[in-house]
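Student: One structure, as structure tokens, below. Some questions next.
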Amino acid sequence: MSEVKVIEIGESVFAENDAAAAAIRQQMKDQKTFFVNVMSGPGSGKTTTLSALINRMKDRYKIGEMDVDIETSIDAQRVADATGVESIQIHNMGLCHIDADMTSRALKDYDTKDLDLLILENIGNLVCPAEFDVGANKNLMLLSVPEGDDKPLKYPLMFEISDVVLINKIDTLDYFDFSKEKVTERILKLNPNAKIFFVSGRTGEGLDEVVAWFEEEIAAVKA
């Protein structure tokens with residue numbers, strides 16, 4: 001029988017990423033900038049919803065947005081065109097996630113020191129982004145009604161690490177077999193502290209409550 005070599009690893013394989021994330025959080029703290037990492041699956045309405053939220057806040061706060069995709073700058077351009085805020089595109093070279101080192105390198109090319117709010121629109125993926133701390137103050141994710149109320153069962157880590165969950169596209173509830181009660185129960189079972197908002201990025205329903213949450217978080221980092 002062939003011998004198998006066993007390698008003992010004394011520290012987390014994510015230790016380097018965690019250190020980079022901690023440095024970003026300290027930078028944001030020093031700047032008094034609220035930094036939020038926004039995640040979702042593809043097609044959840046993330047860009048549309050973020051644009052609507054930014055438009056509700058941009059007159060009171062200085063906001064910046066970074067968009068992550070494998071290719072193209074379509075989403076970053078959509079946000080810039082829809083809101084007028086500065087939006088930059090990050091190409092992650094074909095990976096399924098962005099990590100703290102990539103975020104740190106992007107921040108070196110993006111002057112964020114005067115921002116009240118910095119939004120990272122992460123790549124559309126319910127698996128990999130949940131595994132990497134990018135140095136944000138809070139994690140926010142979107143789940144759309146057409147995706148189904150069973151997603152917390154299938155992708156538990158994403159819901160466990162998200163401070164806020166937006167259930168988007170509630171204007172389509174009449175057309176899909178989606179239970180608000182079931183999805184709420186499933187999310188809170190994984191993450192009892194999660195804040196859940198039912199919204200429509202297209203119609204604007206529920207977005208005022210989300211804006212109020214952003215206002216509280218921005219005020220907290222400036223206190």
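Ligands are numbered from 1 in the order shown, residues from 1 within each chain, and chains are lettered A, B, ... in the order they appear in the structure tokens.
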Can you pull out the residues contacting Ala19 in chain A? Cut-off 12 Å, using only C-alpha atoms, and skip same-chain residues under 4 positions away; I want them as a PyMOL selection string.
Tutor: chain A and resi 12-15+23-26+99-101+104+132-135
Student: Could you write out the selected residues, including N, CA and C atoms, as an mmCIF file, in the first residue's frame?
Tutor:
data_model
loop_
_atom_site.group_PDB
_atom_site.id
_atom_site.type_symbol
_atom_site.label_atom_id
_atom_site.label_comp_id
_atom_site.auth_asym_id
_atom_site.auth_seq_id
_atom_site.Cartn_x
_atom_site.Cartn_y
_atom_site.Cartn_z
ATOM 1 N N SER A 12 -5.470 28.927 9.650
ATOM 2 C CA SER A 12 -6.502 28.905 8.630
ATOM 3 C C SER A 12 -5.929 29.270 7.265
ATOM 4 N N VAL A 13 -6.406 28.541 6.233
ATOM 5 C CA VAL A 13 -5.976 28.881 4.874
ATOM 6 C C VAL A 13 -6.472 30.268 4.494
ATOM 7 N N PHE A 14 -7.422 30.795 5.257
ATOM 8 C CA PHE A 14 -7.953 32.126 4.991
ATOM 9 C C PHE A 14 -7.269 33.195 5.843
ATOM 10 N N ALA A 15 -6.211 32.819 6.563
ATOM 11 C CA ALA A 15 -5.589 33.766 7.491
ATOM 12 C C ALA A 15 -5.074 35.008 6.767
ATOM 13 N N ALA A 23 -7.429 44.952 7.640
ATOM 14 C CA ALA A 23 -6.778 46.210 7.277
ATOM 15 C C ALA A 23 -7.746 47.130 6.531
ATOM 16 N N ILE A 24 -8.570 46.558 5.669
ATOM 17 C CA ILE A 24 -9.563 47.360 4.951
ATOM 18 C C ILE A 24 -10.581 47.944 5.931
ATOM 19 N N ARG A 25 -11.030 47.127 6.884
ATOM 20 C CA ARG A 25 -12.002 47.613 7.866
ATOM 21 C C ARG A 25 -11.432 48.762 8.687
ATOM 22 N N GLN A 26 -10.142 48.661 9.013
ATOM 23 C CA GLN A 26 -9.514 49.742 9.762
ATOM 24 C C GLN A 26 -9.438 51.011 8.911
ATOM 25 N N ASP A 99 -11.704 38.531 -3.326
ATOM 26 C CA ASP A 99 -11.230 38.406 -1.947
ATOM 27 C C ASP A 99 -10.727 39.761 -1.447
ATOM 28 N N ALA A 100 -10.211 39.770 -0.231
ATOM 29 C CA ALA A 100 -9.792 41.039 0.382
ATOM 30 C C ALA A 100 -8.594 41.648 -0.328
ATOM 31 N N ASP A 101 -7.676 40.819 -0.808
ATOM 32 C CA ASP A 101 -6.504 41.358 -1.513
ATOM 33 C C ASP A 101 -6.933 42.061 -2.799
ATOM 34 N N SER A 104 -8.516 45.300 -1.852
ATOM 35 C CA SER A 104 -7.508 46.260 -1.427
ATOM 36 C C SER A 104 -6.815 46.902 -2.628
ATOM 37 N N PHE A 132 -15.411 34.401 1.396
ATOM 38 C CA PHE A 132 -14.302 35.348 1.463
ATOM 39 C C PHE A 132 -14.728 36.672 2.084
ATOM 40 N N ASP A 133 -14.099 37.019 3.184
ATOM 41 C CA ASP A 133 -14.276 38.310 3.835
ATOM 42 C C ASP A 133 -13.578 39.366 2.988
ATOM 43 N N VAL A 134 -14.308 40.392 2.556
ATOM 44 C CA VAL A 134 -13.713 41.434 1.715
ATOM 45 C C VAL A 134 -13.398 42.702 2.502
ATOM 46 N N GLY A 135 -13.627 42.659 3.817
ATOM 47 C CA GLY A 135 -13.320 43.828 4.638
ATOM 48 C C GLY A 135 -14.472 44.788 4.825
#
Student: When you look at Ile161 in chain A with a cut-off of 8 Å (counting only C-alpha atoms), what residues show up, excluding the ones that are within fewer than 3 positions of it in the same chain? I need them as a ChimeraX atom specification.
Tutor: /A:130,139,157-158,191
Student: Keeping only all heavy atoms, write those residues as a PDB file, in the first residue's frame.
Tutor:
ATOM      1  N   ALA A 130     -19.516  33.987  -0.456  1.00  0.00           N
ATOM      2  CA  ALA A 130     -19.814  33.815   0.970  1.00  0.00           C
ATOM      3  C   ALA A 130     -18.602  33.353   1.761  1.00  0.00           C
ATOM      4  O   ALA A 130     -18.553  33.499   2.984  1.00  0.00           O
ATOM      5  CB  ALA A 130     -20.953  32.807   1.142  1.00  0.00           C
ATOM      6  N   ASN A 139     -22.466  42.605   5.454  1.00  0.00           N
ATOM      7  CA  ASN A 139     -22.809  41.837   4.256  1.00  0.00           C
ATOM      8  C   ASN A 139     -24.310  41.931   4.022  1.00  0.00           C
ATOM      9  O   ASN A 139     -25.105  41.719   4.946  1.00  0.00           O
ATOM     10  CB  ASN A 139     -22.437  40.367   4.418  1.00  0.00           C
ATOM     11  CG  ASN A 139     -20.945  40.136   4.437  1.00  0.00           C
ATOM     12  OD1 ASN A 139     -20.200  40.743   3.672  1.00  0.00           O
ATOM     13  ND2 ASN A 139     -20.486  39.260   5.318  1.00  0.00           N
ATOM     14  N   LEU A 157     -24.516  28.859   3.870  1.00  0.00           N
ATOM     15  CA  LEU A 157     -23.453  29.763   4.300  1.00  0.00           C
ATOM     16  C   LEU A 157     -23.746  31.201   3.901  1.00  0.00           C
ATOM     17  O   LEU A 157     -23.502  32.133   4.678  1.00  0.00           O
ATOM     18  CB  LEU A 157     -22.099  29.320   3.725  1.00  0.00           C
ATOM     19  CG  LEU A 157     -20.903  30.180   4.151  1.00  0.00           C
ATOM     20  CD1 LEU A 157     -20.727  30.175   5.663  1.00  0.00           C
ATOM     21  CD2 LEU A 157     -19.630  29.714   3.442  1.00  0.00           C
ATOM     22  N   MET A 158     -24.271  31.405   2.704  1.00  0.00           N
ATOM     23  CA  MET A 158     -24.573  32.759   2.242  1.00  0.00           C
ATOM     24  C   MET A 158     -25.523  33.463   3.201  1.00  0.00           C
ATOM     25  O   MET A 158     -25.352  34.642   3.533  1.00  0.00           O
ATOM     26  CB  MET A 158     -25.178  32.719   0.836  1.00  0.00           C
ATOM     27  CG  MET A 158     -25.611  34.069   0.298  1.00  0.00           C
ATOM     28  SD  MET A 158     -24.277  35.269   0.145  1.00  0.00           S
ATOM     29  CE  MET A 158     -23.427  34.639  -1.301  1.00  0.00           C
ATOM     30  N   ASN A 191     -29.718  32.171  10.706  1.00  0.00           N
ATOM     31  CA  ASN A 191     -29.131  33.423  11.174  1.00  0.00           C
ATOM     32  C   ASN A 191     -30.195  34.233  11.910  1.00  0.00           C
ATOM     33  O   ASN A 191     -30.871  35.085  11.322  1.00  0.00           O
ATOM     34  CB  ASN A 191     -28.589  34.208   9.975  1.00  0.00           C
ATOM     35  CG  ASN A 191     -27.866  35.464  10.371  1.00  0.00           C
ATOM     36  OD1 ASN A 191     -27.873  35.877  11.525  1.00  0.00           O
ATOM     37  ND2 ASN A 191     -27.248  36.118   9.401  1.00  0.00           N
TER      38      ASN A 191
END
Student: So which residues touch Met66 in chain A within 7 Å, counting only C-alpha atoms, skipping near sequence neighbours fewer than 6 positions away, as a count of residues only?
Tutor: 7
Student: With a cut-off of 12 Å, could you pull out the residues of range 107-128 of chain A touching range 50-65 of chain A and give me the nearest pair of atoms for each, distance in Å to one decimal, using only C-alpha atoms, ordered by chain and ascending number, as a Markdown table?
Tutor:
| residue | atom | partner | partner_atom | distance |
| --- | --- | --- | --- | --- |
| A:Leu107 | CA | A:Glu65 | CA | 10.9 |
| A:Tyr110 | CA | A:Gly64 | CA | 9.1 |
| A:Asp111 | CA | A:Gly64 | CA | 9.3 |
| A:Thr112 | CA | A:Gly64 | CA | 7.4 |
| A:Lys113 | CA | A:Lys62 | CA | 10.4 |
| A:Asp114 | CA | A:Lys62 | CA | 7.4 |
| A:Leu115 | CA | A:Lys62 | CA | 5.1 |
| A:Asp116 | CA | A:Lys62 | CA | 5.3 |
| A:Leu117 | CA | A:Ile63 | CA | 4.8 |
| A:Leu118 | CA | A:Gly64 | CA | 4.9 |
| A:Ile119 | CA | A:Glu65 | CA | 4.7 |
| A:Leu120 | CA | A:Glu65 | CA | 5.9 |
| A:Glu121 | CA | A:Glu65 | CA | 7.3 |
| A:Asn122 | CA | A:Glu65 | CA | 10.5 |
Student: Can those selected residues be exported to a file as a short mmCIF file (atom, residue, chain, number, x, y, z; two decimals), in the first residue's frame so that it contains N, CA, C and O atoms?
Tutor:
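Below is the file that was written, out_30.cif:
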data_model
loop_
_atom_site.label_atom_id
_atom_site.label_comp_id
_atom_site.auth_asym_id
_atom_site.auth_seq_id
_atom_site.Cartn_x
_atom_site.Cartn_y
_atom_site.Cartn_z
N LEU A 107 -9.09 49.40 -4.21
CA LEU A 107 -9.21 50.62 -3.41
C LEU A 107 -8.04 51.57 -3.62
O LEU A 107 -8.18 52.78 -3.44
N TYR A 110 -9.01 53.86 -6.33
CA TYR A 110 -10.31 54.50 -6.16
C TYR A 110 -10.25 55.34 -4.90
O TYR A 110 -10.15 54.82 -3.80
N ASP A 111 -10.33 56.65 -5.06
CA ASP A 111 -10.22 57.55 -3.91
C ASP A 111 -11.52 57.52 -3.11
O ASP A 111 -12.53 58.08 -3.52
N THR A 112 -11.50 56.83 -1.97
CA THR A 112 -12.71 56.65 -1.17
C THR A 112 -12.70 57.47 0.12
O THR A 112 -13.65 57.35 0.91
N LYS A 113 -11.66 58.26 0.35
CA LYS A 113 -11.49 58.87 1.67
C LYS A 113 -12.60 59.81 2.06
O LYS A 113 -12.84 60.04 3.26
N ASP A 114 -13.32 60.38 1.11
CA ASP A 114 -14.40 61.32 1.45
C ASP A 114 -15.79 60.70 1.32
O ASP A 114 -16.80 61.40 1.44
N LEU A 115 -15.85 59.39 1.09
CA LEU A 115 -17.15 58.73 0.90
C LEU A 115 -17.85 58.47 2.23
O LEU A 115 -17.22 58.09 3.22
N ASP A 116 -19.15 58.66 2.24
CA ASP A 116 -19.96 58.25 3.37
C ASP A 116 -20.33 56.77 3.26
O ASP A 116 -20.44 56.07 4.26
N LEU A 117 -20.53 56.33 2.02
CA LEU A 117 -20.98 54.96 1.76
C LEU A 117 -20.23 54.40 0.55
O LEU A 117 -20.18 55.04 -0.50
N LEU A 118 -19.65 53.22 0.73
CA LEU A 118 -19.01 52.50 -0.36
C LEU A 118 -19.71 51.16 -0.53
O LEU A 118 -19.83 50.39 0.43
N ILE A 119 -20.17 50.89 -1.75
CA ILE A 119 -20.89 49.65 -2.04
C ILE A 119 -20.03 48.78 -2.95
O ILE A 119 -19.55 49.23 -4.00
N LEU A 120 -19.84 47.54 -2.56
CA LEU A 120 -19.19 46.55 -3.42
C LEU A 120 -20.28 45.63 -3.95
O LEU A 120 -20.89 44.88 -3.20
N GLU A 121 -20.54 45.71 -5.24
CA GLU A 121 -21.50 44.81 -5.87
C GLU A 121 -20.74 43.56 -6.31
O GLU A 121 -20.09 43.53 -7.34
N ASN A 122 -20.80 42.54 -5.47
CA ASN A 122 -20.01 41.32 -5.68
C ASN A 122 -20.52 40.56 -6.89
O ASN A 122 -21.62 40.79 -7.39
#
Student: Quick one: residues within 12 Å of Val68 in chain A, only C-alpha atoms counted, chain neighbours fewer than 6 positions away excluded, as a PDB file with N, CA and C atoms, in the first residue's frame?
Tutor:
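File produced: part08.pdb:
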ATOM      1  N   ASN A  37     -20.853  44.985   1.509  1.00  0.00           N
ATOM      2  CA  ASN A  37     -20.622  43.966   0.492  1.00  0.00           C
ATOM      3  C   ASN A  37     -21.967  43.390   0.082  1.00  0.00           C
ATOM      4  N   VAL A  38     -22.346  43.562  -1.190  1.00  0.00           N
ATOM      5  CA  VAL A  38     -23.663  43.144  -1.676  1.00  0.00           C
ATOM      6  C   VAL A  38     -23.513  41.910  -2.556  1.00  0.00           C
ATOM      7  N   MET A  39     -24.209  40.842  -2.173  1.00  0.00           N
ATOM      8  CA  MET A  39     -24.086  39.561  -2.871  1.00  0.00           C
ATOM      9  C   MET A  39     -25.448  39.062  -3.310  1.00  0.00           C
ATOM     10  N   SER A  40     -25.443  38.159  -4.308  1.00  0.00           N
ATOM     11  CA  SER A  40     -26.683  37.539  -4.775  1.00  0.00           C
ATOM     12  C   SER A  40     -26.339  36.546  -5.863  1.00  0.00           C
ATOM     13  N   LYS A  46     -29.944  42.796  -8.602  1.00  0.00           N
ATOM     14  CA  LYS A  46     -29.009  43.510  -7.713  1.00  0.00           C
ATOM     15  C   LYS A  46     -28.687  44.905  -8.224  1.00  0.00           C
ATOM     16  N   THR A  47     -28.319  45.022  -9.485  1.00  0.00           N
ATOM     17  CA  THR A  47     -27.919  46.317 -10.033  1.00  0.00           C
ATOM     18  C   THR A  47     -29.084  47.298 -10.055  1.00  0.00           C
ATOM     19  N   ILE A  74     -20.608  46.351 -18.021  1.00  0.00           N
ATOM     20  CA  ILE A  74     -22.015  46.691 -18.228  1.00  0.00           C
ATOM     21  C   ILE A  74     -22.677  47.174 -16.945  1.00  0.00           C
ATOM     22  N   ASP A  75     -22.514  46.410 -15.854  1.00  0.00           N
ATOM     23  CA  ASP A  75     -23.214  46.764 -14.615  1.00  0.00           C
ATOM     24  C   ASP A  75     -22.688  48.052 -14.006  1.00  0.00           C
ATOM     25  N   ALA A  76     -21.367  48.236 -14.026  1.00  0.00           N
ATOM     26  CA  ALA A  76     -20.807  49.484 -13.503  1.00  0.00           C
ATOM     27  C   ALA A  76     -21.318  50.677 -14.298  1.00  0.00           C
ATOM     28  N   GLN A  77     -21.409  50.514 -15.616  1.00  0.00           N
ATOM     29  CA  GLN A  77     -21.916  51.598 -16.458  1.00  0.00           C
ATOM     30  C   GLN A  77     -23.391  51.853 -16.194  1.00  0.00           C
ATOM     31  N   SER A  87     -18.686  54.943 -10.377  1.00  0.00           N
ATOM     32  CA  SER A  87     -18.723  53.485 -10.287  1.00  0.00           C
ATOM     33  C   SER A  87     -17.541  52.926 -11.061  1.00  0.00           C
ATOM     34  N   ILE A  88     -16.813  52.005 -10.444  1.00  0.00           N
ATOM     35  CA  ILE A  88     -15.686  51.395 -11.130  1.00  0.00           C
ATOM     36  C   ILE A  88     -15.933  49.903 -11.311  1.00  0.00           C
ATOM     37  N   GLN A  89     -15.350  49.352 -12.366  1.00  0.00           N
ATOM     38  CA  GLN A  89     -15.495  47.927 -12.668  1.00  0.00           C
ATOM     39  C   GLN A  89     -14.245  47.178 -12.239  1.00  0.00           C
ATOM     40  N   ILE A  90     -14.448  46.048 -11.562  1.00  0.00           N
ATOM     41  CA  ILE A  90     -13.350  45.169 -11.187  1.00  0.00           C
ATOM     42  C   ILE A  90     -13.510  43.862 -11.949  1.00  0.00           C
ATOM     43  N   HIS A  91     -12.539  43.519 -12.782  1.00  0.00           N
ATOM     44  CA  HIS A  91     -12.554  42.226 -13.446  1.00  0.00           C
ATOM     45  C   HIS A  91     -11.755  41.247 -12.592  1.00  0.00           C
ATOM     46  N   ASN A  92     -12.375  40.128 -12.219  1.00  0.00           N
ATOM     47  CA  ASN A  92     -11.706  39.207 -11.292  1.00  0.00           C
ATOM     48  C   ASN A  92     -11.022  38.037 -11.991  1.00  0.00           C
ATOM     49  N   MET A  93     -10.761  38.209 -13.286  1.00  0.00           N
ATOM     50  CA  MET A  93      -9.931  37.261 -14.042  1.00  0.00           C
ATOM     51  C   MET A  93     -10.502  35.845 -14.048  1.00  0.00           C
ATOM     52  N   GLY A  94     -11.821  35.752 -14.143  1.00  0.00           N
ATOM     53  CA  GLY A  94     -12.452  34.452 -14.305  1.00  0.00           C
ATOM     54  C   GLY A  94     -12.748  33.704 -13.024  1.00  0.00           C
ATOM     55  N   LEU A  95     -12.433  34.279 -11.881  1.00  0.00           N
ATOM     56  CA  LEU A  95     -12.698  33.603 -10.611  1.00  0.00           C
ATOM     57  C   LEU A  95     -14.174  33.732 -10.235  1.00  0.00           C
ATOM     58  N   CYS A  96     -14.607  32.898  -9.293  1.00  0.00           N
ATOM     59  CA  CYS A  96     -16.010  32.914  -8.879  1.00  0.00           C
ATOM     60  C   CYS A  96     -16.231  33.818  -7.677  1.00  0.00           C
ATOM     61  N   HIS A  97     -15.213  34.616  -7.311  1.00  0.00           N
ATOM     62  CA  HIS A  97     -15.321  35.445  -6.116  1.00  0.00           C
ATOM     63  C   HIS A  97     -14.342  36.611  -6.219  1.00  0.00           C
ATOM     64  N   ILE A  98     -14.444  37.509  -5.263  1.00  0.00           N
ATOM     65  CA  ILE A  98     -13.408  38.511  -5.038  1.00  0.00           C
ATOM     66  C   ILE A  98     -12.995  38.387  -3.583  1.00  0.00           C
ATOM     67  N   ASP A  99     -11.704  38.531  -3.326  1.00  0.00           N
ATOM     68  CA  ASP A  99     -11.230  38.406  -1.947  1.00  0.00           C
ATOM     69  C   ASP A  99     -10.727  39.761  -1.447  1.00  0.00           C
ATOM     70  N   MET A 102      -7.847  41.441  -3.559  1.00  0.00           N
ATOM     71  CA  MET A 102      -8.350  42.074  -4.782  1.00  0.00           C
ATOM     72  C   MET A 102      -9.066  43.379  -4.453  1.00  0.00           C
ATOM     73  N   THR A 103      -9.842  43.361  -3.384  1.00  0.00           N
ATOM     74  CA  THR A 103     -10.551  44.576  -2.963  1.00  0.00           C
ATOM     75  C   THR A 103      -9.565  45.670  -2.582  1.00  0.00           C
ATOM     76  N   ALA A 106      -8.059  47.245  -5.624  1.00  0.00           N
ATOM     77  CA  ALA A 106      -9.013  48.133  -6.290  1.00  0.00           C
ATOM     78  C   ALA A 106      -9.120  49.465  -5.540  1.00  0.00           C
ATOM     79  N   ILE A 119     -20.167  50.891  -1.748  1.00  0.00           N
ATOM     80  CA  ILE A 119     -20.890  49.654  -2.045  1.00  0.00           C
ATOM     81  C   ILE A 119     -20.035  48.781  -2.952  1.00  0.00           C
ATOM     82  N   LEU A 120     -19.837  47.542  -2.558  1.00  0.00           N
ATOM     83  CA  LEU A 120     -19.187  46.554  -3.419  1.00  0.00           C
ATOM     84  C   LEU A 120     -20.275  45.634  -3.954  1.00  0.00           C
ATOM     85  N   GLU A 121     -20.539  45.712  -5.241  1.00  0.00           N
ATOM     86  CA  GLU A 121     -21.496  44.806  -5.869  1.00  0.00           C
ATOM     87  C   GLU A 121     -20.737  43.558  -6.306  1.00  0.00           C
ATOM     88  N   ASN A 122     -20.795  42.539  -5.467  1.00  0.00           N
ATOM     89  CA  ASN A 122     -20.009  41.324  -5.676  1.00  0.00           C
ATOM     90  C   ASN A 122     -20.519  40.556  -6.891  1.00  0.00           C
ATOM     91  N   ILE A 123     -19.733  39.583  -7.324  1.00  0.00           N
ATOM     92  CA  ILE A 123     -20.093  38.783  -8.485  1.00  0.00           C
ATOM     93  C   ILE A 123     -21.322  37.931  -8.188  1.00  0.00           C
ATOM     94  N   GLY A 124     -22.164  37.704  -9.208  1.00  0.00           N
ATOM     95  CA  GLY A 124     -23.392  36.932  -9.028  1.00  0.00           C
ATOM     96  C   GLY A 124     -23.113  35.464  -8.807  1.00  0.00           C
ATOM     97  N   ASN A 125     -23.168  35.035  -7.551  1.00  0.00           N
ATOM     98  CA  ASN A 125     -22.792  33.660  -7.195  1.00  0.00           C
ATOM     99  C   ASN A 125     -23.192  33.456  -5.735  1.00  0.00           C
ATOM    100  N   PRO A 129     -18.576  33.816  -3.063  1.00  0.00           N
ATOM    101  CA  PRO A 129     -18.462  35.088  -2.338  1.00  0.00           C
ATOM    102  C   PRO A 129     -18.724  34.967  -0.846  1.00  0.00           C
TER     103      PRO A 129
END
Student: For each of A:Asp149, A:Thr48, A:Thr172, A:Asp109, take the minimum atom-to-atom distance to Asp81 in chain A, counting only C-alpha atoms, then give the residue where this is smallest.
Tutor: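 Smallest distance to Asp81 in chain A is found for A:Thr48.
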Student: Rounded to one decimal, what separation in Å do you get between CA of Phe197 in chain A and CA of Leu142 in chain A?
Tutor: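 We find that CA of Phe197 in chain A and CA of Leu142 in chain A lie 9.6 Å from each other.
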Student: Could you pull out the alpha helix (DSSP H) residues of range 48-201 of chain A from DSSP and send them as a count of residues only?
Tutor: 49
Student: Measuring atom to atom with only C-alpha atoms, identify which of A:Ser73, A:Thr83, A:Ser162, A:Ser144 is nearest to Pro42 in chain A.
Tutor: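 Of A:Ser73, A:Thr83, A:Ser162, A:Ser144, the one nearest Pro42 in chain A, counting only C-alpha atoms, is A:Ser144.
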Student: Which one of A:Asn137, A:Thr184, A:Thr49, A:Gln31 sits closest to Lys169 in chain A if you count only C-alpha atoms?
Tutor: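 Distance minimum relative to Lys169 in chain A lands on A:Thr49.
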Student: Take CA of Tyr175 in chain A and CA of Lys151 in chain A and report the distance between them in Å, one decimal.
Tutor: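 Value for the CA of Tyr175 in chain A-CA of Lys151 in chain A distance: 17.8 Å.
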Student: DSSP says strand (DSSP E or B) for which residues of range 10-217 of chain A? Put them as a ChimeraX atom specification?
Tutor: /A:34-40,63-69,86-91,117-121,138-144,164-168,195-198
